[in-house]
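Listing of model-v3.cif; format and content: mmCIF, C-alpha atoms.
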data_work
loop_
_atom_site.label_atom_id
_atom_site.label_comp_id
_atom_site.auth_asym_id
_atom_site.auth_seq_id
_atom_site.Cartn_x
_atom_site.Cartn_y
_atom_site.Cartn_z
CA MET S 130 10.74 -3.52 -19.19
CA LEU S 131 8.68 -5.47 -16.70
CA LYS S 132 10.55 -8.77 -16.95
CA ASN S 133 11.41 -10.17 -13.51
CA LYS S 134 9.67 -7.31 -11.69
CA SER S 135 7.24 -8.01 -8.87
CA LEU S 136 3.87 -6.30 -8.54
CA ILE S 137 3.10 -5.63 -4.88
CA SER S 138 1.44 -2.19 -4.92
CA PRO S 139 -0.21 -0.39 -7.86
CA ALA S 140 2.39 2.36 -7.38
CA ASP S 141 5.19 -0.12 -8.27
CA PHE S 142 4.37 0.43 -11.94
CA SER S 143 4.63 3.76 -13.75
CA ILE S 144 1.76 4.99 -15.94
CA GLU S 145 3.77 3.81 -18.97
CA GLN S 146 4.28 0.33 -17.50
CA ILE S 147 0.58 0.05 -16.65
CA GLU S 148 -0.21 1.13 -20.20
CA GLU S 149 2.08 -1.62 -21.53
CA VAL S 150 0.10 -4.24 -19.58
CA LEU S 151 -3.29 -2.83 -20.58
CA GLU S 152 -2.29 -2.60 -24.25
CA LEU S 153 -1.12 -6.21 -24.24
CA ALA S 154 -4.39 -7.25 -22.54
CA GLU S 155 -6.36 -5.56 -25.34
CA GLN S 156 -4.26 -7.45 -27.90
CA ILE S 157 -5.00 -10.74 -26.14
CA ILE S 158 -8.74 -9.95 -26.10
CA LEU S 159 -8.62 -9.41 -29.87
CA ASN S 160 -6.69 -12.58 -30.61
CA PRO S 161 -6.49 -14.95 -27.63
CA GLY S 162 -5.45 -17.91 -29.79
CA SER S 163 -2.06 -16.34 -30.53
CA TYR S 164 -1.19 -16.42 -26.87
CA SER S 165 -2.48 -19.87 -25.97
CA ASP S 166 0.88 -21.63 -25.63
CA LEU S 167 3.29 -18.84 -24.74
CA CYS S 168 3.63 -20.13 -21.16
CA LYS S 169 4.08 -23.77 -22.10
CA GLY S 170 6.49 -25.31 -19.61
CA LYS S 171 6.09 -22.44 -17.15
CA LEU S 172 4.78 -22.95 -13.64
CA LEU S 173 2.80 -20.50 -11.53
CA ALA S 174 2.63 -21.11 -7.77
CA SER S 175 -0.52 -19.73 -6.21
CA LEU S 176 -0.14 -19.48 -2.45
CA PHE S 177 -3.48 -18.55 -0.93
CA TYR S 178 -3.02 -18.28 2.83
CA GLU S 179 -6.65 -17.19 3.00
CA PRO S 180 -9.41 -18.32 0.66
CA SER S 181 -10.37 -16.17 -2.32
CA THR S 182 -12.00 -18.37 -4.91
CA ARG S 183 -12.59 -15.56 -7.37
CA THR S 184 -9.00 -14.27 -7.49
CA LYS S 185 -7.50 -17.76 -7.49
CA PHE S 186 -9.76 -18.85 -10.36
CA SER S 187 -8.82 -15.77 -12.32
CA PHE S 188 -5.06 -16.41 -11.98
CA ASP S 189 -5.42 -20.15 -12.61
CA ALA S 190 -7.58 -19.51 -15.69
CA ALA S 191 -5.13 -16.88 -16.96
CA MET S 192 -2.16 -19.25 -16.66
CA GLU S 193 -4.05 -22.19 -18.19
CA ARG S 194 -5.14 -20.05 -21.14
CA LEU S 195 -1.51 -19.17 -21.76
CA GLY S 196 -0.61 -22.85 -21.86
CA GLY S 197 1.14 -22.85 -18.47
CA SER S 198 0.51 -24.87 -15.33
CA THR S 199 -0.27 -23.98 -11.74
CA VAL S 200 0.56 -25.51 -8.37
CA GLY S 201 -0.36 -24.24 -4.93
CA PHE S 202 -2.85 -24.30 -2.10
CA ASP S 203 -5.84 -22.34 -0.87
CA ASP S 204 -5.86 -23.65 2.68
CA PRO S 205 -2.86 -22.62 4.81
CA MET S 206 -3.38 -25.62 7.08
CA THR S 207 -2.22 -27.85 4.23
CA SER S 208 0.97 -25.82 3.69
CA SER S 209 4.31 -25.79 5.50
CA MET S 210 3.14 -22.67 7.30
CA ALA S 211 1.14 -24.99 9.55
CA LYS S 212 4.51 -26.49 10.54
CA GLY S 213 5.85 -23.05 11.40
CA GLU S 214 7.78 -22.20 8.22
CA THR S 215 8.53 -18.49 7.82
CA ILE S 216 7.31 -16.50 4.83
CA ALA S 217 10.93 -15.88 3.83
CA ASP S 218 11.68 -19.62 3.74
CA SER S 219 8.44 -20.38 1.87
CA ALA S 220 9.42 -17.78 -0.74
CA ARG S 221 12.94 -19.23 -1.12
CA THR S 222 11.61 -22.78 -1.39
CA VAL S 223 8.66 -22.24 -3.72
CA SER S 224 10.70 -20.13 -6.12
CA GLN S 225 13.01 -23.12 -6.65
CA TYR S 226 10.08 -24.85 -8.39
CA ALA S 227 8.01 -22.05 -9.86
CA ASP S 228 8.61 -19.30 -12.42
CA LEU S 229 6.14 -16.94 -10.78
CA ILE S 230 4.48 -16.68 -7.37
CA VAL S 231 0.99 -15.33 -6.72
CA VAL S 232 0.36 -14.78 -3.02
CA ARG S 233 -2.65 -13.84 -0.95
CA HIS S 234 -2.26 -13.45 2.80
CA PRO S 235 -4.32 -11.87 5.58
CA LYS S 236 -1.29 -9.95 6.95
CA GLU S 237 -0.32 -6.63 5.37
CA GLY S 238 3.06 -6.55 3.67
CA THR S 239 3.40 -10.32 3.14
CA ALA S 240 3.78 -10.07 -0.63
CA ARG S 241 6.51 -7.43 -0.26
CA LEU S 242 8.36 -9.65 2.20
CA MET S 243 8.01 -12.64 -0.12
CA SER S 244 9.35 -10.65 -3.08
CA GLN S 245 12.52 -9.89 -1.09
CA TYR S 246 13.36 -13.58 -0.74
CA ALA S 247 11.89 -15.22 -3.85
CA ALA S 248 14.13 -15.96 -6.81
CA CYS S 249 11.23 -15.26 -9.20
CA PRO S 250 8.67 -12.44 -9.60
CA VAL S 251 5.88 -12.17 -7.03
CA ILE S 252 2.35 -10.88 -7.65
CA ASN S 253 0.35 -9.62 -4.70
CA ALA S 254 -3.16 -11.08 -4.90
CA GLY S 255 -4.24 -9.21 -1.76
CA ASP S 256 -2.46 -8.61 1.57
CA GLY S 257 -5.12 -7.97 4.20
CA GLY S 258 -6.68 -4.56 3.88
CA HIS S 259 -3.57 -3.18 2.18
CA HIS S 260 -3.13 -3.68 -1.60
CA HIS S 261 -4.79 -5.71 -4.34
CA PRO S 262 -3.02 -4.41 -7.46
CA THR S 263 -4.45 -6.87 -9.99
CA GLN S 264 -7.96 -5.72 -9.04
CA THR S 265 -6.76 -2.19 -9.81
CA LEU S 266 -5.37 -3.35 -13.17
CA THR S 267 -8.71 -5.05 -13.85
CA ASP S 268 -10.56 -1.83 -13.09
CA LEU S 269 -8.20 0.21 -15.26
CA LEU S 270 -8.54 -2.19 -18.18
CA THR S 271 -12.34 -2.09 -17.87
CA ILE S 272 -12.33 1.70 -17.98
CA ARG S 273 -9.88 1.81 -20.89
CA HIS S 274 -11.82 -0.89 -22.74
CA TYR S 275 -15.12 0.99 -22.52
CA LYS S 276 -13.97 4.59 -22.44
CA GLY S 277 -10.89 4.51 -24.66
CA SER S 278 -8.81 6.62 -22.25
CA PHE S 279 -8.72 7.89 -18.68
CA ASN S 280 -8.49 11.59 -19.36
CA GLY S 281 -11.39 13.87 -18.48
CA LEU S 282 -13.53 11.23 -16.78
CA THR S 283 -15.95 11.96 -13.94
CA VAL S 284 -15.70 8.95 -11.69
CA GLY S 285 -18.29 8.28 -9.01
CA VAL S 286 -17.33 5.83 -6.30
CA CYS S 287 -20.15 4.70 -4.10
CA GLY S 288 -20.61 2.65 -0.94
CA ASP S 289 -17.99 1.84 1.65
CA LEU S 290 -15.27 4.35 0.83
CA MET S 291 -13.62 4.08 4.23
CA PHE S 292 -12.56 0.43 4.19
CA GLY S 293 -12.70 -0.29 0.44
CA ARG S 294 -9.04 -0.88 -0.46
CA THR S 295 -9.79 -1.45 -4.16
CA ILE S 296 -11.40 1.97 -4.25
CA HIS S 297 -8.44 3.68 -2.58
CA SER S 298 -6.03 2.08 -5.05
CA LEU S 299 -8.22 2.94 -8.04
CA VAL S 300 -8.64 6.58 -6.99
CA THR S 301 -4.89 6.91 -6.37
CA CYS S 302 -4.11 5.38 -9.77
CA LEU S 303 -6.68 7.40 -11.71
CA SER S 304 -5.44 10.60 -10.07
CA ARG S 305 -2.28 10.25 -12.16
CA TYR S 306 -4.27 11.00 -15.34
CA ALA S 307 -5.23 14.44 -16.64
CA GLY S 308 -8.65 15.97 -16.10
CA VAL S 309 -10.07 13.19 -13.92
CA ARG S 310 -12.56 14.31 -11.26
CA PHE S 311 -14.26 12.33 -8.52
CA LEU S 312 -17.61 12.17 -6.78
CA PHE S 313 -17.39 10.30 -3.47
CA ILE S 314 -20.84 8.96 -2.65
CA SER S 315 -21.11 7.44 0.82
CA PRO S 316 -22.91 7.67 4.14
CA ALA S 317 -21.12 10.01 6.59
CA GLU S 318 -19.84 7.00 8.58
CA LEU S 319 -18.03 5.48 5.58
CA LYS S 320 -16.43 8.53 3.97
CA MET S 321 -13.19 8.46 2.00
CA PRO S 322 -10.20 8.52 4.41
CA ALA S 323 -8.33 11.79 4.84
CA TYR S 324 -5.05 10.47 3.42
CA VAL S 325 -6.64 9.75 0.03
CA LYS S 326 -8.24 13.20 -0.09
CA GLN S 327 -4.99 14.87 0.99
CA GLU S 328 -3.22 13.24 -1.98
CA LEU S 329 -5.90 14.61 -4.33
CA ASP S 330 -5.62 18.06 -2.74
CA LYS S 331 -1.86 18.03 -3.27
CA LYS S 332 -2.34 17.25 -6.96
CA GLY S 333 -5.18 19.79 -7.32
CA ILE S 334 -7.64 17.12 -8.43
CA PRO S 335 -11.28 18.14 -7.92
CA TYR S 336 -13.62 15.95 -5.88
CA LEU S 337 -16.99 16.31 -4.18
CA GLU S 338 -18.46 14.32 -1.33
CA THR S 339 -22.16 13.55 -1.15
CA ASP S 340 -24.61 11.04 0.26
CA ASP S 341 -27.07 11.56 -2.61
CA LEU S 342 -26.60 8.93 -5.33
CA GLU S 343 -29.53 10.19 -7.41
CA LEU S 344 -28.11 13.69 -7.56
CA ALA S 345 -24.74 12.34 -8.67
CA MET S 346 -26.01 9.96 -11.38
CA PRO S 347 -26.41 12.42 -14.32
CA LYS S 348 -22.85 13.75 -13.89
CA LEU S 349 -20.98 10.44 -14.06
CA SER S 350 -18.89 8.77 -16.77
CA ILE S 351 -18.32 5.81 -14.45
CA LEU S 352 -20.14 4.58 -11.35
CA TYR S 353 -17.97 2.26 -9.25
CA MET S 354 -20.18 0.51 -6.70
CA SER S 355 -18.79 -1.29 -3.66
CA ARG S 356 -20.08 -3.61 -0.99
CA VAL S 357 -20.37 -2.66 2.65
CA GLN S 358 -18.30 -5.41 4.26
CA ARG S 359 -19.74 -7.08 7.34
CA GLU S 360 -16.28 -8.04 8.65
CA ARG S 361 -15.27 -4.36 8.98
CA PHE S 362 -17.93 -3.63 11.61
CA ILE S 363 -17.78 -4.36 15.30
CA SER S 364 -21.49 -3.71 15.72
CA GLU S 365 -23.93 -5.85 13.72
CA GLU S 366 -26.55 -3.15 14.21
CA GLU S 367 -24.34 -0.54 12.54
CA TYR S 368 -23.66 -2.91 9.63
CA LEU S 369 -27.36 -3.61 9.11
CA ARG S 370 -28.12 0.11 9.18
CA LEU S 371 -25.50 0.96 6.54
CA LYS S 372 -25.49 -2.05 4.23
CA ASP S 373 -28.56 -0.98 2.27
CA PHE S 374 -27.83 2.74 2.33
CA PHE S 375 -27.36 2.77 -1.45
CA ILE S 376 -29.12 0.40 -3.78
CA LEU S 377 -28.68 0.94 -7.49
CA THR S 378 -32.01 0.34 -9.25
CA LYS S 379 -33.40 0.69 -12.77
CA LEU S 380 -35.02 3.90 -11.65
CA LYS S 381 -31.68 5.42 -10.66
CA MET S 382 -30.03 4.11 -13.85
CA ALA S 383 -32.62 6.13 -15.82
CA LEU S 384 -30.96 9.29 -14.44
CA ALA S 385 -27.53 8.40 -15.86
CA LYS S 386 -25.94 9.17 -19.22
CA SER S 387 -26.38 6.62 -21.99
CA ASP S 388 -22.63 5.92 -22.12
CA MET S 389 -22.02 5.74 -18.37
CA ILE S 390 -20.74 2.37 -17.14
CA VAL S 391 -21.38 0.64 -13.81
CA MET S 392 -18.48 -1.31 -12.29
CA HIS S 393 -18.21 -3.42 -9.14
CA PRO S 394 -15.29 -5.53 -7.82
CA LEU S 395 -17.82 -8.26 -6.81
CA PRO S 396 -19.19 -10.08 -4.96
CA ARG S 397 -22.22 -7.85 -4.58
CA VAL S 398 -24.78 -8.20 -1.83
CA ASN S 399 -27.72 -5.80 -2.12
CA GLU S 400 -26.09 -2.68 -3.51
CA ILE S 401 -26.99 -3.41 -7.14
CA ALA S 402 -30.51 -4.71 -7.77
CA VAL S 403 -30.59 -7.76 -10.03
CA GLU S 404 -32.87 -5.83 -12.41
CA VAL S 405 -29.86 -3.66 -13.36
CA ASP S 406 -27.88 -6.66 -14.69
CA ASP S 407 -29.58 -6.54 -18.09
CA ASP S 408 -28.73 -2.88 -18.64
CA PRO S 409 -25.95 -2.69 -21.27
CA ARG S 410 -24.21 -0.12 -19.05
CA ALA S 411 -23.78 -2.72 -16.29
CA VAL S 412 -20.33 -4.09 -17.07
CA TYR S 413 -19.41 -5.78 -13.76
CA PHE S 414 -19.55 -9.34 -15.07
CA GLU S 415 -17.57 -8.36 -18.14
CA GLN S 416 -15.12 -6.76 -15.68
CA VAL S 417 -14.45 -10.27 -14.30
CA ARG S 418 -13.55 -11.52 -17.80
CA LEU S 419 -11.31 -8.53 -18.39
CA GLY S 420 -9.62 -9.31 -15.08
CA MET S 421 -8.50 -12.64 -16.47
CA PHE S 422 -7.10 -10.98 -19.62
CA VAL S 423 -5.19 -8.38 -17.65
CA ARG S 424 -3.69 -11.15 -15.48
CA MET S 425 -2.68 -13.00 -18.66
CA ALA S 426 -0.95 -9.83 -19.86
CA LEU S 427 0.74 -9.33 -16.51
CA ILE S 428 2.03 -12.91 -16.38
CA LEU S 429 3.49 -12.57 -19.89
CA LYS S 430 5.14 -9.25 -19.03
CA LEU S 431 6.72 -10.47 -15.78
CA LEU S 432 8.00 -13.63 -17.46
CA GLY S 433 9.32 -11.61 -20.39
CA LEU S 434 7.27 -13.64 -22.86
CA ASP S 435 5.12 -10.85 -24.29
CA LYS S 436 7.27 -10.29 -27.37
CA PHE S 437 6.49 -13.70 -28.80
CA GLY S 438 2.72 -13.31 -29.13
CA ALA S 439 0.65 -12.35 -32.17
CA MET O 274 20.49 26.34 39.56
CA ILE O 275 22.69 23.29 39.07
CA ASN O 276 26.07 23.91 37.46
CA VAL O 277 27.91 21.33 35.39
CA SER O 278 31.54 22.07 34.67
CA LYS O 279 32.73 22.79 31.14
CA LEU O 280 33.60 19.74 29.08
CA LYS O 281 37.28 19.30 28.11
CA GLU O 282 36.95 16.28 25.81
CA GLY O 283 33.75 14.78 24.45
CA ILE O 284 30.39 15.54 22.90
CA VAL O 285 27.61 17.99 23.75
CA ILE O 286 24.11 17.38 22.38
CA ASP O 287 22.32 20.69 22.76
CA HIS O 288 18.95 22.20 21.87
CA ILE O 289 17.09 18.97 22.58
CA SER O 290 13.37 19.66 22.88
CA ALA O 291 12.41 19.29 26.55
CA GLY O 292 11.38 15.69 27.16
CA ASN O 293 13.43 14.16 24.33
CA GLY O 294 16.70 14.06 26.31
CA TYR O 295 15.82 10.92 28.23
CA LYS O 296 14.60 9.23 25.03
CA MET O 297 17.99 9.94 23.40
CA PHE O 298 19.81 8.77 26.50
CA GLN O 299 18.00 5.45 26.29
CA GLN O 300 18.20 4.98 22.52
CA LEU O 301 21.92 5.78 22.40
CA GLY O 302 22.51 3.31 25.23
CA LEU O 303 24.32 5.93 27.31
CA ASP O 304 23.47 4.07 30.51
CA LYS O 305 25.92 1.39 29.40
CA LEU O 306 28.88 3.79 29.09
CA GLU O 307 31.69 3.65 31.63
CA ASP O 308 32.50 7.33 30.95
CA VAL O 309 30.94 10.40 32.55
CA VAL O 310 27.53 11.24 31.07
CA VAL O 311 25.29 14.11 32.15
CA LEU O 312 21.65 14.45 31.17
CA MET O 313 20.18 17.82 32.07
CA ARG O 314 16.45 18.25 31.73
CA ASN O 315 14.30 21.38 31.56
CA VAL O 316 17.24 23.79 31.31
CA ASP O 317 16.17 27.43 30.73
CA SER O 318 16.71 28.49 27.12
CA THR O 319 16.12 31.92 25.58
CA LYS O 320 15.27 30.35 22.19
CA MET O 321 13.33 27.29 23.30
CA GLY O 322 11.95 28.21 26.71
CA LYS O 323 13.01 24.86 28.16
CA LYS O 324 15.46 22.40 26.65
CA ASP O 325 17.33 19.21 27.47
CA LEU O 326 21.10 18.80 27.17
CA ILE O 327 23.46 15.82 27.16
CA LYS O 328 27.21 15.94 27.83
CA ILE O 329 29.33 12.87 27.22
CA GLU O 330 32.98 12.76 28.32
CA THR O 331 34.16 10.41 25.56
CA ASP O 332 34.66 10.31 21.77
CA LEU O 333 31.78 7.91 21.25
CA GLU O 334 30.55 7.30 17.68
CA LEU O 335 26.99 8.64 17.72
CA ASN O 336 24.17 7.11 15.74
CA PHE O 337 22.96 10.21 13.87
CA ASP O 338 19.95 8.29 12.49
CA VAL O 339 18.66 7.68 15.99
CA LEU O 340 19.19 11.31 16.96
CA GLY O 341 17.57 12.56 13.74
CA LEU O 342 14.61 10.30 14.32
CA ILE O 343 14.00 11.58 17.84
CA ASP O 344 14.75 15.25 17.33
CA PRO O 345 16.36 16.53 14.11
CA ASN O 346 16.72 20.06 15.55
CA VAL O 347 19.49 19.23 18.02
CA THR O 348 23.03 20.61 17.74
CA ILE O 349 25.96 18.26 18.26
CA SER O 350 29.32 19.73 19.23
CA TYR O 351 32.59 17.81 19.45
CA ILE O 352 34.94 19.23 22.09
CA LYS O 353 38.74 18.92 22.23
CA ASP O 354 40.97 20.66 24.77
CA GLY O 355 37.96 22.62 25.98
CA HIS O 356 37.17 24.03 22.52
CA ARG O 357 34.51 23.12 19.99
CA VAL O 358 36.23 21.53 16.97
CA GLU O 359 33.17 20.41 15.02
CA LYS O 360 29.48 21.29 15.00
CA VAL O 361 26.89 19.02 13.37
CA LYS O 362 23.34 20.02 12.43
CA LEU O 363 21.00 17.13 11.84
CA SER O 364 18.15 16.49 9.48
CA PRO O 365 15.73 13.58 9.73
CA PRO O 366 17.08 10.56 7.84
CA LYS O 367 15.18 9.73 4.63
CA SER O 368 15.08 6.10 5.64
CA VAL O 369 16.14 4.00 8.62
CA ARG O 370 16.62 0.30 9.17
CA GLY O 371 16.61 -1.66 12.40
CA ILE O 372 15.62 1.23 14.65
CA LEU O 373 11.85 1.48 14.34
CA VAL O 374 9.36 -1.33 14.74
CA CYS O 375 5.95 -1.41 13.08
CA LYS O 376 3.11 -0.90 15.51
CA ASN O 377 0.44 -2.14 13.10
CA PRO O 378 -0.82 -5.45 14.55
CA ARG O 379 -1.93 -6.53 11.07
CA CYS O 380 1.61 -6.07 9.65
CA ILE O 381 3.49 -9.23 8.65
CA THR O 382 6.60 -8.00 10.52
CA ASN O 383 4.80 -8.66 13.79
CA GLN O 384 3.99 -12.23 12.84
CA GLU O 385 7.43 -13.01 11.42
CA HIS O 386 9.33 -11.07 14.10
CA ILE O 387 11.23 -8.97 11.56
CA GLU O 388 13.30 -6.40 13.44
CA ASN O 389 15.44 -4.92 10.67
CA GLY O 390 12.65 -3.59 8.44
CA MET O 391 13.11 -0.34 6.52
CA PHE O 392 11.07 2.77 7.29
CA TYR O 393 10.76 5.75 4.94
CA LEU O 394 10.28 9.37 5.98
CA VAL O 395 6.81 10.45 4.84
CA ASP O 396 6.15 13.59 6.86
CA GLU O 397 9.02 15.84 7.88
CA SER O 398 6.84 18.14 10.00
CA SER O 399 5.66 15.32 12.25
CA ASN O 400 8.81 13.19 11.81
CA GLU O 401 6.63 10.25 10.73
CA TYR O 402 7.98 7.18 8.97
CA ALA O 403 6.14 4.53 6.94
CA CYS O 404 6.79 0.81 7.23
CA GLU O 405 8.18 -0.63 3.99
CA TYR O 406 5.79 -3.58 4.26
CA CYS O 407 2.40 -2.22 5.32
CA ASP O 408 2.87 1.59 4.93
CA ALA O 409 1.59 2.18 8.48
CA ARG O 410 3.06 5.36 9.94
CA THR O 411 5.09 5.48 13.10
CA ARG O 412 7.76 7.53 14.89
CA LEU O 413 10.28 6.90 17.58
#

As structure tokens, how would this structure be written, given the file I've shared?
Amino acid sequence: MLKNKSLISPADFSIEQIEEVLELAEQIILNPGSYSDLCKGKLLASLFYEPSTRTKFSFDAAMERLGGSTVGFDDPMTSSMAKGETIADSARTVSQYADLIVVRHPKEGTARLMSQYAACPVINAGDGGHHHPTQTLTDLLTIRHYKGSFNGLTVGVCGDLMFGRTIHSLVTCLSRYAGVRFLFISPAELKMPAYVKQELDKKGIPYLETDDLELAMPKLSILYMSRVQRERFISEEEYLRLKDFFILTKLKMALAKSDMIVMHPLPRVNEIAVEVDDDPRAVYFEQVRLGMFVRMALILKLLGLDKFGA
Amino acid sequence: MINVSKLKEGIVIDHISAGNGYKMFQQLGLDKLEDVVVLMRNVDSTKMGKKDLIKIETDLELNFDVLGLIDPNVTISYIKDGHRVEKVKLSPPKSVRGILVCKNPRCITNQEHIENGMFYLVDESSNEYACEYCDARTRL
């Protein structure tokens, strides 16, 4: 039962609860019309204390496609926060109007704090460099959609593994499934943090670290590419040196299996050449669409409206 | 060698790792007590080499969470009529509220001035606790 629960960290949901959401998302993909007015009369408040057009669009589109409405802001200077209102008071106030709150905030832990004071469920749409659980659900749905299950997959994650929070969450989530193994492909300066690897060691999950993308390509069921983020570097020189360390090209794609898929949380910069976009194995734009469906499923589950569809 | 007379009534906190005695003294607010309090530092110990020791001549209600956070290996003895009537062994608390503060500058607790946040024990060997909001690790 997910009704009235909040989703702050991917670990808030059990494997079974995640499966419930993913299964509902697949049902919506098959028959979106059956779900188009389930949220009629329901209001989603999207509180974006920092801009994130992509995530906000995805939530807004999800709610609209369920027949619900959205209110909110994407500029904190237009909110009561500019007048000095606390997060706790904002949560109490907004939840008097809305049935569900989606919050993005640059400070870590804001969504958790909000969920403690709101009278309705809260979804974390990103709290600084901490969690972004609906991106993780999007990634999981994409894998399930293309691969059928999570068991026995060889997952390559490539790029900035040190600061990439979506990658940390995805690896942690996938490590709960049987037979999954990982290839961590990064320059030495951006390796996977020790705490993620320690968790894998504890569970006995095999992983290898390499800086050779070409060598890794033939082994992979999934290649998850990520962007090297400029804002994480103090030195511009260091950023420029590392940003083009890995570029996925047609030539490298030729080394991969025919059923491998390439994912990316987007936006991309240079790490995937445009020439790869036409490859049927490049699913990163489809991943965006699936992200909307998984958010539709999540909204229905948290509002307890999922039983009325289809 | 400094000698401190035997306690008749009160509490002895023994086997404090050398250096932690003053921390406990501060955290328990013993400087505010009207009663006799003795903090002995760097006392010779056959088991520990050096240890700290606190004697309090009162029946103060101790905050075991604070003590467990600082040093879970201490021994607490309650003394009555010159005899030990109760001995307490500590273990680090699984969670604490209102004692630790998050040191992560990116944590919302530092913007909202939240001082009663919960912290969960994540590593018993290092006595590290994680902030309920941002998961950053800290210890007292």

Output as a PyMOL selection string the set of chain O residues within 8 Å of chain S, with distances taken over all atoms listed in the file. chain O and resi 379-382+385+405-407

Provide the CA of Ala323 in chain S to CA of Leu299 in chain S distance in Å, to one decimal place. 15.6 Å

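On the file presented, the PyMOL selection byres ((chain O and resi 376) around 10) picks out Leu373, Val374, Cys375, Asn377, Pro378, Arg379, Cys380, Thr382, Asn383, Cys404, Ala409, Arg410, Thr411 and Arg412 of chain O.
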
Selection under test: the PyMOL selection byres ((chain O and resi 284) around 10); residues as a count of residues only: 25

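Going from CA of Ala411 in chain S over to CA of His393 in chain S, you cover 9.1 Å.
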
For this file, the PyMOL selection byres ((chain O and resi 316) around 12) selects which residues, as a PyMOL selection string? chain O and resi 274-277+287-292+294+312-315+317-327

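Ranking O:Asn336, O:Asn346, O:Asn400, O:Gln384 by their shortest atom-to-atom distance to Lys367 in chain O, with only C-alpha atoms included, puts O:Asn400 first.
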
One decimal, in Å: what's the spacing between CA of His274 in chain S and CA of Asp435 in chain S? 19.7 Å

Neighbouring residues of range 176-183 of chain S were defined as those with any atom within 8 Å, considering only C-alpha atoms; residues of the same chain fewer than 2 positions away were excluded. Please report them as a compact mmCIF listing (two decimals) with C-alpha atoms, in the frame of the given file.
# COMPACT_ATOMS: atom_id res chain seq x y z
CA ALA S 174 2.63 -21.11 -7.77
CA LYS S 185 -7.50 -17.76 -7.49
CA PHE S 186 -9.76 -18.85 -10.36
CA SER S 187 -8.82 -15.77 -12.32
CA GLY S 201 -0.36 -24.24 -4.93
CA PHE S 202 -2.85 -24.30 -2.10
CA ASP S 203 -5.84 -22.34 -0.87
CA ASP S 204 -5.86 -23.65 2.68
CA PRO S 205 -2.86 -22.62 4.81
CA ILE S 230 4.48 -16.68 -7.37
CA VAL S 231 0.99 -15.33 -6.72
CA VAL S 232 0.36 -14.78 -3.02
CA ARG S 233 -2.65 -13.84 -0.95
CA HIS S 234 -2.26 -13.45 2.80
CA PRO S 235 -4.32 -11.87 5.58

Find the residues around Val150 in chain S up to 12 Å (only C-alpha atoms counted), leave out those fewer than 2 positions away in its own chain, and share them as a ChimeraX atom specification. /S:130-132,136,142-148,152-157,263,266-267,269-270,273,420,422-431,433,435

Can you tell me, as AutoDock Vina command-line options, the centre and edge lengths (Å, one decimal) of the axis-aligned box enclosing all of range 388-396 of chain O's listed atoms after padding each side by 8 Å?
--center_x 10.8 --center_y 3.6 --center_z 9.1 --size_x 25.3 --size_y 36.0 --size_z 24.6

Long-range neighbours of Asn389 in chain O as an MDAnalysis selection string, 8 Å cut-off, all atoms listed in the file, 6 positions minimum in chain: chainID O and resid 370:372
